[in-house]
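Asks: Structure file coords26.txt (compact mmCIF, C-alpha atoms and all ligand atoms) right here:
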# COMPACT_ATOMS: atom_id res chain seq x y z
CA MET A 1 21.33 8.89 -4.79
CA ARG A 2 17.57 9.15 -4.71
CA LYS A 3 17.67 12.20 -6.93
CA GLY A 4 19.75 10.30 -9.44
CA MET A 5 17.29 7.44 -9.50
CA LEU A 6 14.40 9.80 -10.03
CA SER A 7 16.01 11.51 -12.98
CA VAL A 8 16.72 8.14 -14.58
CA ALA A 9 13.05 7.38 -14.06
CA ALA A 10 12.12 10.72 -15.58
CA VAL A 11 14.10 9.97 -18.72
CA ALA A 12 12.59 6.51 -18.96
CA VAL A 13 9.08 7.88 -18.59
CA ALA A 14 9.74 10.62 -21.10
CA LEU A 15 10.74 7.94 -23.58
CA LEU A 16 7.76 5.74 -22.86
CA PRO A 17 5.23 7.32 -25.21
CA ALA A 18 7.62 6.82 -28.10
CA LEU A 19 8.41 3.29 -27.08
CA THR A 20 4.85 2.20 -26.50
CA ALA A 21 3.26 3.96 -29.44
CA CYS A 22 4.12 1.22 -31.87
CA GLY A 23 1.93 -1.82 -31.82
CA ASP A 24 1.30 -2.35 -28.14
CA ASP A 25 -1.70 -4.55 -27.52
CA SER A 26 -2.89 -2.12 -24.84
CA ALA A 27 -3.25 -4.90 -22.29
CA SER A 28 -3.10 -3.66 -18.74
CA SER A 29 0.26 -5.17 -17.97
CA ALA A 30 3.61 -4.37 -19.44
CA ASN A 31 4.59 -6.87 -22.04
CA SER A 32 6.75 -5.23 -24.66
CA GLY A 33 10.01 -5.50 -22.80
CA THR A 34 9.83 -1.90 -21.58
CA PRO A 35 10.11 -1.76 -17.81
CA THR A 36 6.85 -0.63 -16.22
CA ARG A 37 7.38 2.50 -14.19
CA ILE A 38 4.01 2.59 -12.41
CA GLY A 39 2.39 -0.35 -10.68
CA VAL A 40 -1.19 -0.37 -9.40
CA ILE A 41 -2.64 -2.98 -7.03
CA LEU A 42 -6.42 -3.09 -6.62
CA PRO A 43 -7.82 -5.02 -3.64
CA ASP A 44 -10.41 -7.48 -4.96
CA SER A 45 -13.34 -7.85 -7.31
CA LYS A 46 -16.05 -9.09 -4.96
CA THR A 47 -16.56 -6.58 -2.15
CA SER A 48 -17.68 -3.95 -4.64
CA ALA A 49 -18.16 -3.99 -8.39
CA ARG A 50 -16.28 -0.70 -8.57
CA TRP A 51 -12.72 -2.06 -8.51
CA GLU A 52 -12.93 -3.90 -11.80
CA THR A 53 -15.72 -2.03 -13.57
CA ALA A 54 -14.67 1.50 -12.67
CA ASP A 55 -11.25 1.84 -11.05
CA ARG A 56 -9.38 -0.40 -13.46
CA LYS A 57 -11.12 1.12 -16.46
CA TYR A 58 -10.59 4.75 -15.50
CA LEU A 59 -7.01 4.25 -14.31
CA GLN A 60 -6.15 2.51 -17.56
CA GLN A 61 -7.80 5.30 -19.55
CA ALA A 62 -5.90 7.99 -17.65
CA PHE A 63 -2.52 6.30 -18.12
CA ASP A 64 -3.27 5.57 -21.78
CA ALA A 65 -4.26 9.20 -22.38
CA ALA A 66 -0.89 10.28 -20.97
CA GLY A 67 0.91 7.65 -23.04
CA VAL A 68 2.35 6.11 -19.89
CA LYS A 69 2.54 2.43 -19.28
CA ALA A 70 1.12 1.12 -16.04
CA ASP A 71 0.80 -2.39 -14.72
CA ILE A 72 -2.65 -2.69 -13.12
CA GLN A 73 -3.24 -5.83 -11.11
CA ASN A 74 -5.86 -7.07 -8.64
CA ALA A 75 -4.92 -8.99 -5.48
CA GLN A 76 -8.37 -10.69 -5.45
CA GLY A 77 -8.65 -10.35 -1.69
CA ASP A 78 -5.46 -12.37 -1.07
CA LYS A 79 -2.94 -10.65 1.20
CA ASN A 80 -0.07 -12.90 0.12
CA ALA A 81 -0.88 -12.23 -3.52
CA PHE A 82 -0.90 -8.51 -2.70
CA GLN A 83 2.65 -8.69 -1.34
CA THR A 84 3.84 -10.85 -4.24
CA LEU A 85 2.40 -8.41 -6.77
CA ALA A 86 4.17 -5.50 -5.05
CA ASP A 87 7.48 -7.42 -5.03
CA GLN A 88 7.11 -8.20 -8.74
CA MET A 89 6.32 -4.61 -9.63
CA ILE A 90 9.35 -3.36 -7.72
CA THR A 91 11.58 -6.01 -9.32
CA ASN A 92 10.24 -5.00 -12.73
CA GLY A 93 11.41 -1.45 -12.11
CA ALA A 94 8.35 0.39 -10.84
CA SER A 95 9.27 3.77 -9.44
CA VAL A 96 5.75 4.51 -8.19
CA LEU A 97 3.37 2.07 -6.54
CA VAL A 98 -0.34 2.89 -6.32
CA MET A 99 -2.19 0.57 -3.94
CA THR A 100 -5.48 -0.06 -2.21
CA ASN A 101 -4.57 -2.08 0.86
CA LEU A 102 -6.39 -5.17 2.07
CA ASP A 103 -5.55 -4.15 5.62
CA SER A 104 -3.11 -1.74 7.20
CA GLY A 105 -0.79 -4.51 8.43
CA THR A 106 0.11 -5.96 5.03
CA GLY A 107 -0.19 -2.52 3.46
CA LYS A 108 2.41 -1.17 5.86
CA ALA A 109 4.86 -4.00 5.14
CA VAL A 110 4.52 -3.36 1.41
CA ILE A 111 5.02 0.40 1.78
CA GLN A 112 8.09 -0.02 3.96
CA LYS A 113 9.68 -2.40 1.49
CA ALA A 114 8.83 -0.12 -1.44
CA LYS A 115 10.23 2.95 0.28
CA SER A 116 13.42 1.12 1.20
CA GLN A 117 13.94 0.57 -2.54
CA GLY A 118 13.28 4.21 -3.41
CA VAL A 119 9.77 3.55 -4.71
CA THR A 120 7.16 6.24 -4.02
CA VAL A 121 3.80 4.98 -2.76
CA ILE A 122 0.33 6.44 -3.26
CA ASP A 123 -2.43 5.05 -1.05
CA TYR A 124 -5.40 4.76 -3.40
CA ASP A 125 -8.85 5.11 -1.81
CA ARG A 126 -7.84 3.50 1.53
CA LEU A 127 -5.27 5.04 3.86
CA THR A 128 -2.75 2.56 5.26
CA LEU A 129 -2.58 3.38 8.95
CA GLY A 130 0.99 3.79 10.15
CA GLY A 131 2.07 3.03 6.60
CA GLY A 132 3.84 6.22 5.60
CA ALA A 133 2.69 6.42 1.98
CA GLN A 134 3.83 9.71 0.45
CA TYR A 135 0.34 10.55 -0.86
CA TYR A 136 -3.30 9.56 -0.42
CA VAL A 137 -6.06 9.98 -3.02
CA SER A 138 -9.66 9.29 -2.05
CA PHE A 139 -13.05 10.78 -1.35
CA ASP A 140 -13.91 12.48 1.90
CA ASN A 141 -15.06 9.31 3.61
CA VAL A 142 -16.48 11.00 6.71
CA LYS A 143 -18.63 12.99 4.28
CA VAL A 144 -19.67 9.74 2.56
CA GLY A 145 -20.71 8.48 6.01
CA ASN A 146 -22.66 11.68 6.69
CA LEU A 147 -24.55 11.12 3.42
CA LEU A 148 -25.41 7.54 4.42
CA GLY A 149 -26.78 8.71 7.77
CA GLU A 150 -28.68 11.59 6.16
CA GLY A 151 -30.09 9.22 3.54
CA VAL A 152 -31.52 6.78 6.06
CA ALA A 153 -32.87 9.69 8.14
CA LYS A 154 -34.53 11.24 5.06
CA CYS A 155 -36.15 7.95 4.01
CA LEU A 156 -37.37 7.30 7.56
CA THR A 157 -38.98 10.75 7.55
CA ASP A 158 -40.54 10.09 4.13
CA LYS A 159 -41.98 6.85 5.48
CA LYS A 160 -43.17 8.62 8.65
CA ALA A 161 -41.45 5.94 10.72
CA VAL A 162 -42.16 6.18 14.44
CA ASN A 163 -39.24 5.42 16.79
CA PRO A 164 -37.56 3.10 14.30
CA VAL A 165 -34.77 0.78 15.32
CA VAL A 166 -31.78 1.65 13.13
CA ALA A 167 -29.13 -1.01 12.52
CA TYR A 168 -25.54 -0.46 11.34
CA LEU A 169 -24.04 -2.91 8.86
CA ASN A 170 -20.50 -1.56 8.77
CA GLY A 171 -17.66 -2.16 6.33
CA GLY A 172 -14.57 -4.26 6.99
CA PRO A 173 -13.06 -3.44 10.37
CA THR A 174 -9.50 -3.37 9.00
CA ASP A 175 -10.42 -0.82 6.32
CA ASN A 176 -9.82 2.69 7.65
CA ASN A 177 -12.60 3.89 5.35
CA ALA A 178 -15.11 1.78 7.28
CA THR A 179 -14.05 3.60 10.46
CA LEU A 180 -14.38 7.00 8.77
CA LEU A 181 -17.78 6.07 7.33
CA GLU A 182 -19.13 5.04 10.73
CA THR A 183 -17.79 8.25 12.24
CA GLY A 184 -19.75 10.06 9.53
CA TYR A 185 -23.09 8.30 9.88
CA ASP A 186 -22.94 8.13 13.64
CA ALA A 187 -22.41 11.90 13.76
CA VAL A 188 -25.71 12.31 11.89
CA LEU A 189 -27.73 9.62 13.67
CA LYS A 190 -26.49 9.79 17.27
CA PRO A 191 -28.37 13.04 17.95
CA HIS A 192 -31.55 11.20 16.79
CA PHE A 193 -30.80 8.33 19.17
CA ASP A 194 -30.06 10.77 21.99
CA ALA A 195 -33.29 12.66 21.30
CA GLY A 196 -35.29 9.43 21.34
CA ASP A 197 -36.44 9.78 17.69
CA TYR A 198 -34.73 6.54 16.75
CA VAL A 199 -33.57 3.53 18.71
CA LYS A 200 -30.00 2.37 18.17
CA GLY A 201 -30.16 -1.21 16.91
CA PRO A 202 -27.45 -3.80 16.27
CA ASP A 203 -24.12 -2.36 15.15
CA GLN A 204 -21.81 -4.84 13.45
CA ALA A 205 -18.87 -4.86 11.07
CA VAL A 206 -18.68 -7.20 8.10
CA PRO A 207 -15.14 -8.65 8.02
CA GLY A 208 -13.44 -7.89 4.72
CA TRP A 209 -16.68 -6.34 3.39
CA ASN A 210 -17.67 -9.92 2.45
CA ASN A 211 -21.10 -9.55 0.84
CA ALA A 212 -22.18 -13.15 1.51
CA ASP A 213 -21.21 -12.90 5.18
CA ALA A 214 -23.17 -9.65 5.34
CA GLY A 215 -26.33 -11.62 4.57
CA THR A 216 -25.68 -14.03 7.44
CA ILE A 217 -24.84 -11.20 9.81
CA PHE A 218 -27.94 -9.23 8.86
CA GLU A 219 -30.14 -12.31 9.12
CA GLN A 220 -28.93 -12.76 12.70
CA MET A 221 -29.53 -9.08 13.43
CA LEU A 222 -33.09 -9.32 12.16
CA THR A 223 -33.77 -12.52 14.08
CA GLY A 224 -32.57 -10.88 17.29
CA GLN A 225 -34.37 -7.60 16.57
CA PRO A 226 -37.32 -8.30 14.20
CA ASN A 227 -38.51 -4.70 14.32
CA ILE A 228 -35.45 -3.17 12.63
CA GLY A 229 -36.86 -0.17 10.75
CA GLY A 230 -33.78 1.22 8.99
CA VAL A 231 -30.38 -0.09 7.95
CA VAL A 232 -27.22 1.89 7.40
CA ALA A 233 -25.34 -0.44 5.07
CA ALA A 234 -21.86 0.85 4.24
CA ASN A 235 -21.90 -0.04 0.54
CA ASP A 236 -24.21 -1.36 -2.18
CA GLY A 237 -22.96 -4.95 -1.79
CA LEU A 238 -23.79 -5.02 1.92
CA ALA A 239 -27.07 -3.26 1.16
CA ASN A 240 -28.01 -5.91 -1.39
CA ALA A 241 -27.27 -8.65 1.15
CA ALA A 242 -29.56 -6.95 3.68
CA ILE A 243 -32.26 -6.42 1.04
CA ALA A 244 -32.19 -10.12 0.14
CA VAL A 245 -32.86 -10.97 3.80
CA LEU A 246 -35.60 -8.33 4.04
CA LYS A 247 -37.21 -9.77 0.89
CA LYS A 248 -37.54 -13.16 2.55
CA GLN A 249 -39.52 -11.46 5.33
CA LYS A 250 -41.46 -9.34 2.82
CA LEU A 251 -39.99 -6.27 4.49
CA ASN A 252 -38.13 -4.90 1.46
CA GLY A 253 -39.25 -1.42 0.55
CA GLN A 254 -40.58 -0.85 4.05
CA VAL A 255 -37.18 -0.70 5.71
CA PRO A 256 -34.89 1.99 4.23
CA VAL A 257 -31.39 0.72 3.46
CA SER A 258 -28.47 2.96 2.46
CA GLY A 259 -25.60 2.04 0.17
CA GLN A 260 -22.49 3.36 -1.55
CA ASP A 261 -20.74 3.14 -4.94
CA ALA A 262 -23.68 3.68 -7.33
CA THR A 263 -23.21 0.17 -8.71
CA VAL A 264 -25.67 -1.11 -11.30
CA GLN A 265 -27.16 -3.39 -8.66
CA GLY A 266 -27.39 -0.58 -6.09
CA LEU A 267 -29.08 1.75 -8.56
CA GLN A 268 -31.50 -1.01 -9.58
CA ASN A 269 -32.34 -1.56 -5.91
CA VAL A 270 -33.03 2.17 -5.62
CA LEU A 271 -35.23 2.02 -8.74
CA ALA A 272 -37.15 -0.91 -7.28
CA GLY A 273 -37.72 1.03 -4.06
CA ASP A 274 -35.79 -1.53 -2.01
CA GLN A 275 -32.82 0.74 -1.36
CA CYS A 276 -33.23 4.26 -0.02
CA MET A 277 -30.14 5.72 -1.63
CA THR A 278 -26.58 5.17 -2.71
CA VAL A 279 -23.54 7.42 -2.77
CA TYR A 280 -21.95 8.19 -6.10
CA LYS A 281 -18.22 8.74 -6.10
CA ALA A 282 -16.84 9.89 -9.44
CA ILE A 283 -14.13 7.25 -9.71
CA GLU A 284 -13.06 8.75 -13.03
CA LYS A 285 -11.84 11.81 -11.11
CA GLU A 286 -10.19 9.70 -8.41
CA ALA A 287 -8.38 7.67 -11.07
CA ALA A 288 -7.40 10.75 -13.09
CA ALA A 289 -6.00 12.54 -10.03
CA THR A 290 -4.06 9.41 -9.08
CA ALA A 291 -2.63 8.88 -12.55
CA GLU A 292 -1.59 12.53 -12.77
CA LEU A 293 0.12 12.33 -9.39
CA ALA A 294 1.77 9.00 -10.17
CA ILE A 295 3.10 10.27 -13.50
CA ALA A 296 4.48 13.46 -11.94
CA LEU A 297 6.21 11.47 -9.21
CA ALA A 298 7.60 8.96 -11.69
CA LYS A 299 9.09 11.91 -13.59
CA GLY A 300 10.66 13.18 -10.40
CA GLN A 301 8.33 16.17 -10.29
CA PRO A 302 6.59 17.31 -7.11
CA GLY A 303 3.07 16.01 -6.65
CA THR A 304 0.07 18.25 -6.05
CA SER A 305 -2.42 17.70 -3.24
CA ASN A 306 -5.38 19.68 -1.96
CA GLY A 307 -5.12 18.90 1.73
CA THR A 308 -3.92 16.42 4.28
CA VAL A 309 -5.45 13.47 6.08
CA ARG A 310 -4.39 12.54 9.59
CA ASP A 311 -2.85 9.13 10.06
CA PRO A 312 -3.61 8.63 13.76
CA GLU A 313 -1.28 5.68 14.03
CA ALA A 314 1.76 7.40 12.55
CA ASN A 315 0.72 10.72 14.11
CA ALA A 316 1.35 12.31 10.75
CA ASP A 317 -0.53 14.33 8.15
CA VAL A 318 -0.48 12.63 4.76
CA PRO A 319 -0.63 14.96 1.71
CA SER A 320 -3.94 14.08 0.08
CA VAL A 321 -6.27 14.65 -2.82
CA LEU A 322 -9.84 14.33 -1.52
CA LEU A 323 -12.91 14.40 -3.73
CA GLU A 324 -16.58 15.10 -3.02
CA PRO A 325 -19.16 12.31 -2.93
CA LYS A 326 -22.77 12.82 -4.06
CA PRO A 327 -25.97 11.28 -2.66
CA ILE A 328 -28.20 9.52 -5.19
CA TYR A 329 -31.92 8.97 -4.65
CA LEU A 330 -34.63 7.83 -7.03
CA ASP A 331 -35.05 11.37 -8.33
CA ASN A 332 -31.43 11.97 -9.36
CA ILE A 333 -30.31 8.55 -10.63
CA LYS A 334 -29.98 10.29 -14.00
CA ASP A 335 -26.94 12.19 -12.72
CA VAL A 336 -24.98 8.93 -12.60
CA LEU A 337 -25.99 8.14 -16.18
CA ALA A 338 -25.17 11.67 -17.31
CA ASP A 339 -21.64 11.19 -15.98
CA GLY A 340 -21.31 8.00 -18.02
CA TYR A 341 -20.53 6.00 -14.88
CA VAL A 342 -23.34 3.54 -15.60
CA THR A 343 -25.04 3.28 -18.96
CA LYS A 344 -28.78 3.26 -19.53
CA ALA A 345 -28.43 -0.16 -21.18
CA GLU A 346 -26.82 -1.57 -18.01
CA LEU A 347 -29.33 0.01 -15.64
CA CYS A 348 -32.52 -0.44 -17.62
CA ALA A 349 -32.12 -4.12 -18.45
CA GLY A 350 -34.69 -6.90 -18.08
CA GLU A 351 -37.22 -6.23 -15.36
CA PHE A 352 -35.85 -2.68 -15.03
CA VAL A 353 -36.98 -1.58 -18.52
CA LYS A 354 -40.40 -0.74 -17.18
CA LEU A 355 -39.17 0.83 -13.93
CA CYS A 356 -36.80 3.08 -15.91
CA ALA A 357 -39.65 4.14 -18.18
CA ASP A 358 -41.93 4.73 -15.18
CA HIS A 359 -39.33 7.06 -13.69
CA GLY A 360 -38.52 8.88 -16.91
CA ILE A 361 -35.07 7.32 -17.30
C1 LIG B 401 -14.29 1.80 -0.65
C2 LIG B 401 -15.71 1.55 -1.09
C3 LIG B 401 -15.92 0.05 -1.32
C4 LIG B 401 -15.43 -0.77 -0.15
C5 LIG B 401 -15.47 -2.26 -0.43
C6 LIG B 401 -13.96 0.95 0.55
O1 LIG B 401 -12.67 1.18 1.00
O2 LIG B 401 -14.10 3.18 -0.37
O3 LIG B 401 -16.01 2.28 -2.26
O4 LIG B 401 -17.27 -0.21 -1.52
O5 LIG B 401 -14.10 -0.41 0.19
O6 LIG B 401 -14.67 -2.61 -1.50
So that I can check it, write out the structure of this file as structure tokens.

Replies:
Amino acid sequence: MRKGMLSVAAVAVALLPALTACGDDSASSANSGTPTRIGVILPDSKTSARWETADRKYLQQAFDAAGVKADIQNAQGDKNAFQTLADQMITNGASVLVMTNLDSGTGKAVIQKAKSQGVTVIDYDRLTLGGGAQYYVSFDNVKVGNLLGEGVAKCLTDKKAVNPVVAYLNGGPTDNNATLLETGYDAVLKPHFDAGDYVKGPDQAVPGWNNADAGTIFEQMLTGQPNIGGVVAANDGLANAAIAVLKKQKLNGQVPVSGQDATVQGLQNVLAGDQCMTVYKAIEKEAAATAELAIALAKGQPGTSNGTVRDPEANADVPSVLLEPKPIYLDNIKDVLADGYVTKAELCAGEFVKLCADHGI
């Protein structure tokens, strides 16, 4: 039964390039009457700039290059909308669903429903715990966490900080990546706490990675512990929230803050000396690997993976494609530009014209 469905899908996909070649308006959603075979649900557009500026763009490019139609939608942080989008995609004939969950609970419900209808699911960037997706594509998130910890440690050394209090501003507690990240940075920093080099400061998660809430949370941290000397912020949005609070106390630049995603804002904060570092993840590769996998699966071909990731809740190893993250400091910001991830025009705008010139960018 399942085999039969897959071969029908394979024929449909094989026909797609021919069907879509003529006069499609290249919008991200299917609209020419051809059933969409691949559906993609992104999580939101506010917790990180990446989802709309990078993931959507690179996924679209990868599907376009293969001549395959994909319906790329964004749940805008709304769990009900997430489930509705998945239902619509399945009704419209998707045979593969690519999704970045908003939490494992709703993610799991969506995956179970999809699988019951013969739809293959790829967890994109975030693993759905207990979900049972057939594949997972992401970066090595423990490694990302290691880089955040190493970044703050390096900047504290550069600043010759003595016994600094290091605070953790963690990602959303229902995002498995936030757990992996903290595992990564704690592995680097705990030995420093144990050795008495650093003092462990407040350690708090930011629900849903909400950037505005991160400001309130960090403000409270700093009020309770005014001598915070370093901040491990789990992404550039949280970092920017912490930096805004530090600015009010004229502490920006003195207190190293980490970040992740190499967003324009994160890179500008690094240029300004307010952010110690960010982590660049080549989303183009993540999107390309996902599109390739999704297309193979939609054609009924076996997918390729380069390892497995443990789902501790399902007690299962999920076939995965995991990519390598890269730390970005002031001296290698150019690498992000060289990759075309951010353009010089975006980075070196307004007040950053001079800073770019000063740093040879
Ligand atoms: C992603 C990060 C992103 C964060 C907030 C995480 O799951 O891996 O790149 O910054 O979610 O959207």

Asks: Show me which residues are within 6 Å of ligand LIG 401 (chain B) counting all atoms listed in the file, and format the list as an MDAnalysis selection string.

Replies: chainID A and resid 47:48 125:126 177 209 235 261

Asks: So the first atom is atom CA of A:Leu85 and the second is atom CA of A:Pro43; what is the distance between them in Å, to one decimal place?

Replies: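 Those two atoms sit 11.2 Å apart.
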
Asks: Can you list every residue of stretch 309-340 of chain A that has an atom at most 9 Å from stretch 357-361 of chain A, with its nearest atom pair and the distance in Å to one decimal, using only C-alpha atoms, ordered by chain then number, as JSON lines?

Replies:
{"residue": "A:Leu330", "atom": "CA", "partner": "A:His359", "partner_atom": "CA", "distance": 8.2}
{"residue": "A:Asp331", "atom": "CA", "partner": "A:His359", "partner_atom": "CA", "distance": 8.1}
{"residue": "A:Ile333", "atom": "CA", "partner": "A:Ile361", "partner_atom": "CA", "distance": 8.3}
{"residue": "A:Lys334", "atom": "CA", "partner": "A:Ile361", "partner_atom": "CA", "distance": 6.8}

Asks: To one decimal place in Å, what is the distance between atom CA of A:Asn92 and atom CA of A:Asn74?

Replies: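 Taking atom CA of A:Asn92 and atom CA of A:Asn74, their separation equals 16.7 Å.
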
Asks: Rank nothing, just name the residue among A:Lys247, A:Leu180, A:Gly196, A:Ala282 nearest to A:Val309, using only C-alpha atoms.

Replies: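 Of the candidates, the smallest distance to A:Val309 is held by A:Leu180.
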
Asks: Ranking A:Ala94, A:Ala109, A:Val321, A:Val353 by minimum distance to A:Tyr124 and counting all atoms listed in the file, which one comes first?

Replies: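 Distance minimum relative to A:Tyr124 lands on A:Val321.
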
Asks: Have a look at atom CA of A:Asp158 and atom CA of A:Val142 and let me know their distance in Å, one decimal.

Replies: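 Spanning atom CA of A:Asp158 to atom CA of A:Val142 is a straight-line distance of 24.2 Å.
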
Asks: Would you mind telling me which residue in A:Lys113, A:Lys79, A:Lys326, A:Lys285 lies nearest to A:Glu150 when using all atoms listed in the file?

Replies: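 The closest residue to A:Glu150 is A:Lys326.
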
Asks: For a quick check of understanding, using all atoms listed in the file, which of A:Leu222, A:Val245, A:Leu127, A:Val257 has the smallest distance to A:Lys108?

Replies: A:Leu127

Asks: With 12 Å as the threshold, what does the neighbourhood of (-35.3, -2.8, -4.5) contain in terms of residues, counting only C-alpha atoms? Coordinates are those of the file; answer as an MDAnalysis selection string.

Replies: chainID A and resid 236 239:247 250:259 264:278 330 351:352 355

Asks: Considering all atoms listed in the file, can you say which of A:Thr223, A:Thr343, A:Asn146, A:Thr128 comes closest to A:Glu313?

Replies: A:Thr128

Asks: Of the residues A:Ala54, A:Leu189, A:Cys155, A:Ala81, which is the one nearest to A:Tyr168, using only C-alpha atoms?

Replies: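 Closest residue, counting only C-alpha atoms: A:Leu189.
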
Asks: At a cut-off of 9 Å, using only C-alpha atoms, what residues contact A:Lys57? Leave out same-chain residues fewer than 6 positions from it and give the result as a list of chain:residue names.

Replies: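 Close residues of A:Lys57: A:Trp51, A:Glu284, A:Ala287.
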
Asks: Save the residues we just selected, C-alpha atoms, as a short mmCIF file (atom, residue, chain, number, x, y, z; two decimals), in the coordinates of the input?

Replies:
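See part16.cif below for the written result:
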data_model
loop_
_atom_site.label_atom_id
_atom_site.label_comp_id
_atom_site.auth_asym_id
_atom_site.auth_seq_id
_atom_site.Cartn_x
_atom_site.Cartn_y
_atom_site.Cartn_z
CA TRP A 51 -12.72 -2.06 -8.51
CA GLU A 284 -13.06 8.75 -13.03
CA ALA A 287 -8.38 7.67 -11.07
#

Asks: Which polymer residues have any atom within 8 Å of an atom of A:Ser104, counting all atoms listed in the file, with same-chain residues fewer than 6 positions away left out, as a list in words?

Replies: Leu127, Thr128, Leu129, Gly130, Gly131, Thr174 and Asp175 of chain A

Asks: Do you know which residues are at most 12 Å from A:Val144 counting only C-alpha atoms, after dropping those on the same chain fewer than 4 positions away, and could you put them as a PyMOL selection string?

Replies: chain A and resi 138-140+148-151+177-188+232-235+258-261+277-281+322-328
